[in-house]
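To keep things clear, I will list the structure first and then write my remarks on it.
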Amino acid sequence: MNTPTMNSMQRTLTALGQKEPDQVPLFLLTTLHGAKELNLTIEDYFSRAEHVVEGQMRLRQKYRSDCLYAFFHASIETEAWGGTTIFLPDGPPLCGAPVIQRPQDIDTLQVPQVVTCAPLAKVLATIRALKQRVGDTVPIVGVAISPFSLPVMQMGFHAYLELIYEQPERFEILMRANEAFTVAWANAQLEAGATAICYFDPVASSTIVPRELYQRTGMRVAQRTISQIKGPTATHLASGRGLGLAEDIMSTGTAVIGVSAQEDLAQWKQIAAGRINLLGNLNGVEMRRWTPQQAQDHVKTAIAKAARGGGFILGDNHGEIPWQVSEEVLLAIGDAVQRWGRYPLSWVADEHATEPA
C-alpha cells in the first residue's frame, strides 16, 4: 500500500530522516532555464530578484521539482569581493578578472559585509519572496561556495594551487577571511528563509586534490565552517569524485553529499546508509543528448540503486542543469519519478539494476 501523498517539504524531510516517503524527492536544479520561461536573456534574468522568483515558481510547477533553488551564479560571490561577471548567451555566467592579483593582496583583503552588498541582496530578496510564496511546504535551497573552493574564482586555479603548496601561512589567512564570509553569507540566506545551504566544494574532490591534502586543508576548513552555519548543509563536489573521501566528508557534519556521475550510487548507498544522505547522480552533460526514454532509464537505475530505505534525493550530479538540456528531457525525468519513484519500490530487484545502455 502506498504512503499517503506528502508535500515537498514532508517528502524531503522524511527521506532525509532515512525513511521512505510517498515517493523519491526530485531536486531538479534548474537555474538558467528560468530565463527561457520568461523569454529573457540570461543577463536580464539575473538582473532582478523578481525574475528569478517567477522563474523558479514556473520551473517547479512545470517539472515537478521538490525544491526551489535560490542560486543565481557562482560569480555573484566574487562580485561581493569586488569582482565582475561575464554573461554568456547560452551558459552559466563566468567570473571576470581575479580580485586577488598577487599573493600579497591576501594580506590586506577585507571581508565583504553581506548585508550591504548589492549583488547578494538580490539573492536574499529572492529567498524572502519565495518563502512568502510557499511557506514551509517546499524546501528552499541556498548556496554558499566553500572557503576552500572560492579562491579558484578569487585568484585563479594555478595561482591558488601554488599558494596552498608554497605559502601555507597566506593560505591560512585567506581561509580565515573566506570562512568569515561564507558563514555570514550562509546564515543570511537561512535567516531570509532558506531551508538548507548547498555547500559547493569542488576543490575538495579527489578529482582535484589528493585526499591527504584535503584532510589537512579543506576538511578542516569545512569542519570549522559548517559548525558555524545555523542550518543543515549539503556538500556538493560539483561532478567531482568523493567516494574515497566519504568518512572525511561525514566528519564535517554535513547532512547530504552530492554524488558524481562517475561513481556508482550503489557503492555510495552501502557506505552512506543510516549515516549520510545522497543527492544525485544524473549526468547533466550527457543529459543534453538524452532521449526521453534514456532519461527514464537513468532515473529508474538511480532509484533502484539508492532509494530503498530513504536517504536519497534524485538530482543531477553537478548542481546545475545545463542550458542545452531540452524541455522534453526534463519533463521525462519528472514522469519517470512519478512512475518509478513511488514507495514501496516493489519493482526493485534484490540485486542492483544495471546501467542503461
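Identifiers for the C-alpha cells are assigned positionally: chains receive A, B, ... in sequence, residues are indexed from 1 per chain, and ligands are indexed from 1 in the order shown.
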Residues within 12 Å of region 135-139 of chain A, only C-alpha atoms, excluding chain neighbours under 2 positions, as a ChimeraX atom specification: /A:6-13,25-27,56-57,60-61,64-70,127-133,141-142,190,192-198,232
Prev. selection, N, CA and C atoms, output as a CSV table (one decimal), in the first residue's frame:
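The file below, selection_33.csv, is the result:
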```csv
chain,number,residue,atom,x,y,z
A,6,MET,N,2.4,13.3,0.2
A,6,MET,CA,3.1,14.3,1.0
A,6,MET,C,3.3,15.6,0.2
A,7,ASN,N,3.5,16.7,0.9
A,7,ASN,CA,4.0,17.9,0.1
A,7,ASN,C,5.5,17.8,0.0
A,8,SER,N,6.1,18.7,-0.7
A,8,SER,CA,7.6,18.5,-1.0
A,8,SER,C,8.4,18.6,0.3
A,9,MET,N,8.0,19.4,1.2
A,9,MET,CA,8.8,19.5,2.5
A,9,MET,C,8.7,18.2,3.3
A,10,GLN,N,7.5,17.7,3.4
A,10,GLN,CA,7.3,16.5,4.1
A,10,GLN,C,8.1,15.3,3.5
A,11,ARG,N,8.0,15.3,2.1
A,11,ARG,CA,8.7,14.2,1.4
A,11,ARG,C,10.2,14.3,1.6
A,12,THR,N,10.7,15.5,1.5
A,12,THR,CA,12.2,15.7,1.6
A,12,THR,C,12.7,15.4,3.1
A,13,LEU,N,12.0,15.9,4.1
A,13,LEU,CA,12.4,15.6,5.4
A,13,LEU,C,12.3,14.2,5.8
A,25,PRO,N,12.2,12.1,-3.5
A,25,PRO,CA,12.2,13.5,-3.8
A,25,PRO,C,13.1,13.8,-5.0
A,26,LEU,N,12.6,14.8,-5.8
A,26,LEU,CA,13.3,15.2,-7.0
A,26,LEU,C,13.8,16.6,-6.8
A,27,PHE,N,15.1,16.8,-6.8
A,27,PHE,CA,15.6,18.2,-6.8
A,27,PHE,C,16.2,18.5,-8.2
A,56,GLN,N,11.7,30.5,-10.9
A,56,GLN,CA,11.7,29.3,-10.1
A,56,GLN,C,10.3,28.7,-9.8
A,57,MET,N,9.4,29.6,-9.6
A,57,MET,CA,8.0,29.1,-9.4
A,57,MET,C,7.5,28.4,-10.6
A,60,ARG,N,9.4,25.0,-11.1
A,60,ARG,CA,8.9,23.9,-10.2
A,60,ARG,C,7.6,23.3,-10.6
A,61,GLN,N,6.7,24.2,-11.0
A,61,GLN,CA,5.4,23.7,-11.4
A,61,GLN,C,5.5,22.9,-12.7
A,64,ARG,N,8.0,19.6,-11.8
A,64,ARG,CA,7.6,18.9,-10.6
A,64,ARG,C,8.8,18.6,-9.7
A,65,SER,N,9.6,19.6,-9.6
A,65,SER,CA,10.7,19.5,-8.6
A,65,SER,C,10.2,19.7,-7.2
A,66,ASP,N,11.0,19.1,-6.3
A,66,ASP,CA,10.6,19.2,-4.9
A,66,ASP,C,11.3,20.3,-4.1
A,67,CYS,N,12.0,21.2,-4.8
A,67,CYS,CA,12.7,22.3,-4.2
A,67,CYS,C,12.6,23.5,-5.1
A,68,LEU,N,12.9,24.6,-4.4
A,68,LEU,CA,13.2,25.9,-5.1
A,68,LEU,C,14.6,26.2,-4.9
A,69,TYR,N,15.3,26.7,-6.0
A,69,TYR,CA,16.7,26.8,-5.9
A,69,TYR,C,17.1,28.3,-6.1
A,70,ALA,N,17.6,28.9,-5.0
A,70,ALA,CA,17.8,30.3,-4.9
A,70,ALA,C,19.2,30.7,-5.5
A,127,ILE,N,15.1,34.8,-1.9
A,127,ILE,CA,14.7,33.8,-0.9
A,127,ILE,C,13.5,34.3,-0.1
A,128,ARG,N,13.5,35.6,0.3
A,128,ARG,CA,12.4,36.1,1.1
A,128,ARG,C,11.1,36.0,0.3
A,129,ALA,N,11.1,36.3,-1.0
A,129,ALA,CA,9.9,36.3,-1.8
A,129,ALA,C,9.4,34.8,-2.0
A,130,LEU,N,10.4,33.9,-2.3
A,130,LEU,CA,10.0,32.5,-2.4
A,130,LEU,C,9.4,32.0,-1.1
A,131,LYS,N,9.9,32.4,0.0
A,131,LYS,CA,9.4,31.9,1.3
A,131,LYS,C,8.0,32.4,1.5
A,132,GLN,N,7.7,33.7,1.1
A,132,GLN,CA,6.4,34.2,1.2
A,132,GLN,C,5.4,33.4,0.3
A,133,ARG,N,5.9,32.9,-0.9
A,133,ARG,CA,5.0,32.2,-1.8
A,133,ARG,C,4.7,30.8,-1.3
A,141,VAL,N,16.5,26.0,-1.3
A,141,VAL,CA,17.9,25.7,-1.2
A,141,VAL,C,18.7,27.0,-1.5
A,142,GLY,N,19.5,27.4,-0.5
A,142,GLY,CA,20.5,28.4,-0.8
A,142,GLY,C,21.9,27.8,-1.1
A,190,LEU,N,19.8,31.6,5.4
A,190,LEU,CA,18.9,30.9,6.3
A,190,LEU,C,18.0,31.9,7.0
A,192,ALA,N,16.9,34.6,5.8
A,192,ALA,CA,15.9,35.1,4.8
A,192,ALA,C,14.9,34.1,4.5
A,193,GLY,N,15.1,32.8,4.9
A,193,GLY,CA,14.1,31.8,4.7
A,193,GLY,C,14.5,30.6,4.0
A,194,ALA,N,15.8,30.5,3.6
A,194,ALA,CA,16.3,29.2,3.0
A,194,ALA,C,16.2,28.1,4.0
A,195,THR,N,15.9,26.9,3.5
A,195,THR,CA,15.7,25.7,4.4
A,195,THR,C,17.1,25.1,4.7
A,196,ALA,N,18.0,25.1,3.7
A,196,ALA,CA,19.3,24.5,3.8
A,196,ALA,C,20.2,25.2,2.9
A,197,ILE,N,21.5,24.9,3.1
A,197,ILE,CA,22.6,25.5,2.3
A,197,ILE,C,23.3,24.4,1.5
A,198,CYS,N,23.4,24.6,0.2
A,198,CYS,CA,24.3,23.7,-0.6
A,198,CYS,C,25.7,24.3,-0.5
A,232,PRO,N,21.0,23.1,8.2
A,232,PRO,CA,21.6,21.9,7.5
A,232,PRO,C,22.3,22.3,6.3
```
Non-local contacts of Pro119 (chain A) (9 Å; only C-alpha atoms; under 6 positions in same chain excluded) as a list in words: Ile76, Glu77, Glu79 and Ala80 of chain A
Shortest interatomic distance to Leu124 (chain A) - which of A:Ile145, A:Leu161, A:Val52, A:Val325, counting only C-alpha atoms: A:Val52
Per-residue DSSP, region 90-192 of chain A, filtered to helix (DSSP H, G or I), as a PyMOL selection string: chain A and resi 103-108+114-116+118-134+151-155+157-166+168-192
Resulting file, chosen residues, C-alpha atoms, as a PDB file, in the first residue's frame:
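Saved result, selection_37.pdb, follows:
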```pdb
ATOM      1  CA  PRO A 103      49.525  36.619  -3.168  1.00  0.00           C
ATOM      2  CA  GLN A 104      50.453  39.777  -1.251  1.00  0.00           C
ATOM      3  CA  ASP A 105      46.930  41.097  -1.824  1.00  0.00           C
ATOM      4  CA  ILE A 106      45.698  38.499   0.659  1.00  0.00           C
ATOM      5  CA  ASP A 107      47.427  40.370   3.492  1.00  0.00           C
ATOM      6  CA  THR A 108      45.067  43.355   3.153  1.00  0.00           C
ATOM      7  CA  VAL A 114      26.939  40.621   3.310  1.00  0.00           C
ATOM      8  CA  VAL A 115      24.108  42.905   4.431  1.00  0.00           C
ATOM      9  CA  THR A 116      25.381  45.882   2.411  1.00  0.00           C
ATOM     10  CA  ALA A 118      24.014  44.769  -3.646  1.00  0.00           C
ATOM     11  CA  PRO A 119      24.588  41.530  -5.655  1.00  0.00           C
ATOM     12  CA  LEU A 120      23.953  39.368  -2.606  1.00  0.00           C
ATOM     13  CA  ALA A 121      20.921  41.461  -1.671  1.00  0.00           C
ATOM     14  CA  LYS A 122      19.212  40.229  -4.861  1.00  0.00           C
ATOM     15  CA  VAL A 123      19.627  36.637  -3.727  1.00  0.00           C
ATOM     16  CA  LEU A 124      18.314  37.404  -0.247  1.00  0.00           C
ATOM     17  CA  ALA A 125      15.313  39.211  -1.741  1.00  0.00           C
ATOM     18  CA  THR A 126      14.664  36.159  -3.915  1.00  0.00           C
ATOM     19  CA  ILE A 127      14.717  33.834  -0.914  1.00  0.00           C
ATOM     20  CA  ARG A 128      12.376  36.071   1.084  1.00  0.00           C
ATOM     21  CA  ALA A 129       9.905  36.271  -1.804  1.00  0.00           C
ATOM     22  CA  LEU A 130       9.998  32.512  -2.404  1.00  0.00           C
ATOM     23  CA  LYS A 131       9.402  31.938   1.291  1.00  0.00           C
ATOM     24  CA  GLN A 132       6.350  34.202   1.156  1.00  0.00           C
ATOM     25  CA  ARG A 133       5.009  32.179  -1.784  1.00  0.00           C
ATOM     26  CA  VAL A 134       5.469  28.652  -0.401  1.00  0.00           C
ATOM     27  CA  PRO A 151      39.842  31.016  -4.236  1.00  0.00           C
ATOM     28  CA  VAL A 152      39.680  29.361  -7.666  1.00  0.00           C
ATOM     29  CA  MET A 153      37.453  32.285  -8.634  1.00  0.00           C
ATOM     30  CA  GLN A 154      39.228  34.846  -6.471  1.00  0.00           C
ATOM     31  CA  MET A 155      42.730  34.265  -7.826  1.00  0.00           C
ATOM     32  CA  PHE A 157      43.325  27.823 -10.275  1.00  0.00           C
ATOM     33  CA  HIS A 158      47.083  27.735 -10.887  1.00  0.00           C
ATOM     34  CA  ALA A 159      47.842  30.615  -8.514  1.00  0.00           C
ATOM     35  CA  TYR A 160      45.687  29.026  -5.813  1.00  0.00           C
ATOM     36  CA  LEU A 161      47.412  25.647  -6.003  1.00  0.00           C
ATOM     37  CA  GLU A 162      50.774  27.391  -5.762  1.00  0.00           C
ATOM     38  CA  LEU A 163      49.520  29.235  -2.680  1.00  0.00           C
ATOM     39  CA  ILE A 164      48.446  26.007  -0.978  1.00  0.00           C
ATOM     40  CA  TYR A 165      51.775  24.288  -1.535  1.00  0.00           C
ATOM     41  CA  GLU A 166      54.219  27.187  -1.338  1.00  0.00           C
ATOM     42  CA  PRO A 168      50.773  27.877   3.740  1.00  0.00           C
ATOM     43  CA  GLU A 169      50.668  30.893   6.077  1.00  0.00           C
ATOM     44  CA  ARG A 170      48.988  33.069   3.454  1.00  0.00           C
ATOM     45  CA  PHE A 171      46.700  30.183   2.609  1.00  0.00           C
ATOM     46  CA  GLU A 172      45.504  30.160   6.219  1.00  0.00           C
ATOM     47  CA  ILE A 173      44.951  33.927   6.165  1.00  0.00           C
ATOM     48  CA  LEU A 174      42.815  33.546   3.047  1.00  0.00           C
ATOM     49  CA  MET A 175      40.877  30.664   4.578  1.00  0.00           C
ATOM     50  CA  ARG A 176      40.036  32.651   7.702  1.00  0.00           C
ATOM     51  CA  ALA A 177      38.759  35.552   5.603  1.00  0.00           C
ATOM     52  CA  ASN A 178      36.748  33.257   3.361  1.00  0.00           C
ATOM     53  CA  GLU A 179      35.346  31.327   6.312  1.00  0.00           C
ATOM     54  CA  ALA A 180      34.040  34.533   7.869  1.00  0.00           C
ATOM     55  CA  PHE A 181      32.378  35.447   4.577  1.00  0.00           C
ATOM     56  CA  THR A 182      30.899  32.004   3.883  1.00  0.00           C
ATOM     57  CA  VAL A 183      29.444  31.692   7.380  1.00  0.00           C
ATOM     58  CA  ALA A 184      27.884  35.161   7.220  1.00  0.00           C
ATOM     59  CA  TRP A 185      26.561  34.559   3.706  1.00  0.00           C
ATOM     60  CA  ALA A 186      25.086  31.148   4.502  1.00  0.00           C
ATOM     61  CA  ASN A 187      23.456  32.369   7.708  1.00  0.00           C
ATOM     62  CA  ALA A 188      21.996  35.419   5.963  1.00  0.00           C
ATOM     63  CA  GLN A 189      20.306  33.089   3.467  1.00  0.00           C
ATOM     64  CA  LEU A 190      18.944  30.906   6.258  1.00  0.00           C
ATOM     65  CA  GLU A 191      17.638  33.972   8.066  1.00  0.00           C
ATOM     66  CA  ALA A 192      15.948  35.121   4.849  1.00  0.00           C
TER      67      ALA A 192
END
```
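Distance annotation: of A:Phe312, A:Trp347, A:Trp323, A:Phe72, the residue with the minimal separation from Gln23 (chain A) is A:Phe312; atom set is only C-alpha atoms.
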Neighbour list for Val24 (chain A) as a VMD selection string, cut-off 9 Å, only C-alpha atoms, skip fewer than 4 positions in-chain: chain A and resid 11 to 12 15 20 303 307 310 312 to 314 337 to 338 340 to 343
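CA of Asn283 (chain A) lies 24.9 Å from CA of Asp22 (chain A).
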Selection near Thr252 (chain A), 12 Å with only C-alpha atoms, sequence-local residues under 3 positions removed, as a ChimeraX atom specification: /A:199,215,218-229,232-235,245-249,255-257,276
Saved selection, atoms kept: C-alpha atoms, as a compact mmCIF listing (two decimals), in the first residue's frame:
```txt
# COMPACT_ATOMS: atom_id res chain seq x y z
CA TYR A 199 27.97 23.93 0.35
CA GLN A 215 42.46 16.13 5.07
CA GLY A 218 39.75 21.63 3.01
CA MET A 219 38.39 19.13 5.52
CA ARG A 220 39.47 21.26 8.45
CA VAL A 221 38.08 24.34 6.75
CA ALA A 222 34.75 22.55 6.23
CA GLN A 223 34.63 21.37 9.84
CA ARG A 224 35.15 24.91 11.11
CA THR A 225 32.76 26.50 8.64
CA ILE A 226 29.85 24.04 8.70
CA SER A 227 29.85 24.03 12.51
CA GLN A 228 29.01 27.76 12.38
CA ILE A 229 26.24 27.56 9.77
CA PRO A 232 21.57 21.93 7.53
CA THR A 233 24.12 21.75 4.74
CA ALA A 234 24.54 19.57 1.68
CA THR A 235 28.11 19.22 0.46
CA LEU A 245 36.50 10.83 0.95
CA ALA A 246 33.25 9.56 2.44
CA GLU A 247 34.50 9.35 6.04
CA ASP A 248 36.24 12.71 5.76
CA ILE A 249 33.15 14.46 4.39
CA ALA A 255 23.76 16.15 6.10
CA VAL A 256 23.91 15.37 2.37
CA ILE A 257 26.59 14.56 -0.19
CA ILE A 276 24.50 10.49 5.47
```
For CA of Gly319 (chain A) and CA of Pro4 (chain A), the interatomic separation in Å (one decimal): 29.5 Å
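When only C-alpha atoms are used to measure the gap to Leu88 (chain A), the shortest distance among A:Ala204, A:Ile42, A:Ala261, A:Ala74 belongs to A:Ile42.
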Strand (DSSP E or B) per DSSP on the backbone: members of region 207-292 of chain A, as number ranges by chain: A: 233-236, 256-258, 277-282
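Closest approach to Arg308 (chain A) among A:Thr217, A:Gln293, A:Ser346, A:Thr31: A:Ser346, based on only C-alpha atoms.
If you measure from each of A:Leu278, A:Leu265, A:Ile321, A:Ile333 to Ala295 (chain A) using only C-alpha atoms, the closest one turns out to be A:Ile333.
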Distance criterion (only C-alpha atoms): nearest to Trp81 (chain A) out of A:Leu109, A:Gly280, A:Thr41, A:His236: A:Leu109
Selection near Ile208 (chain A), 9 Å with only C-alpha atoms, sequence-local residues under 3 positions removed, as an MDAnalysis selection string: chainID A and resid 202:205 240:241
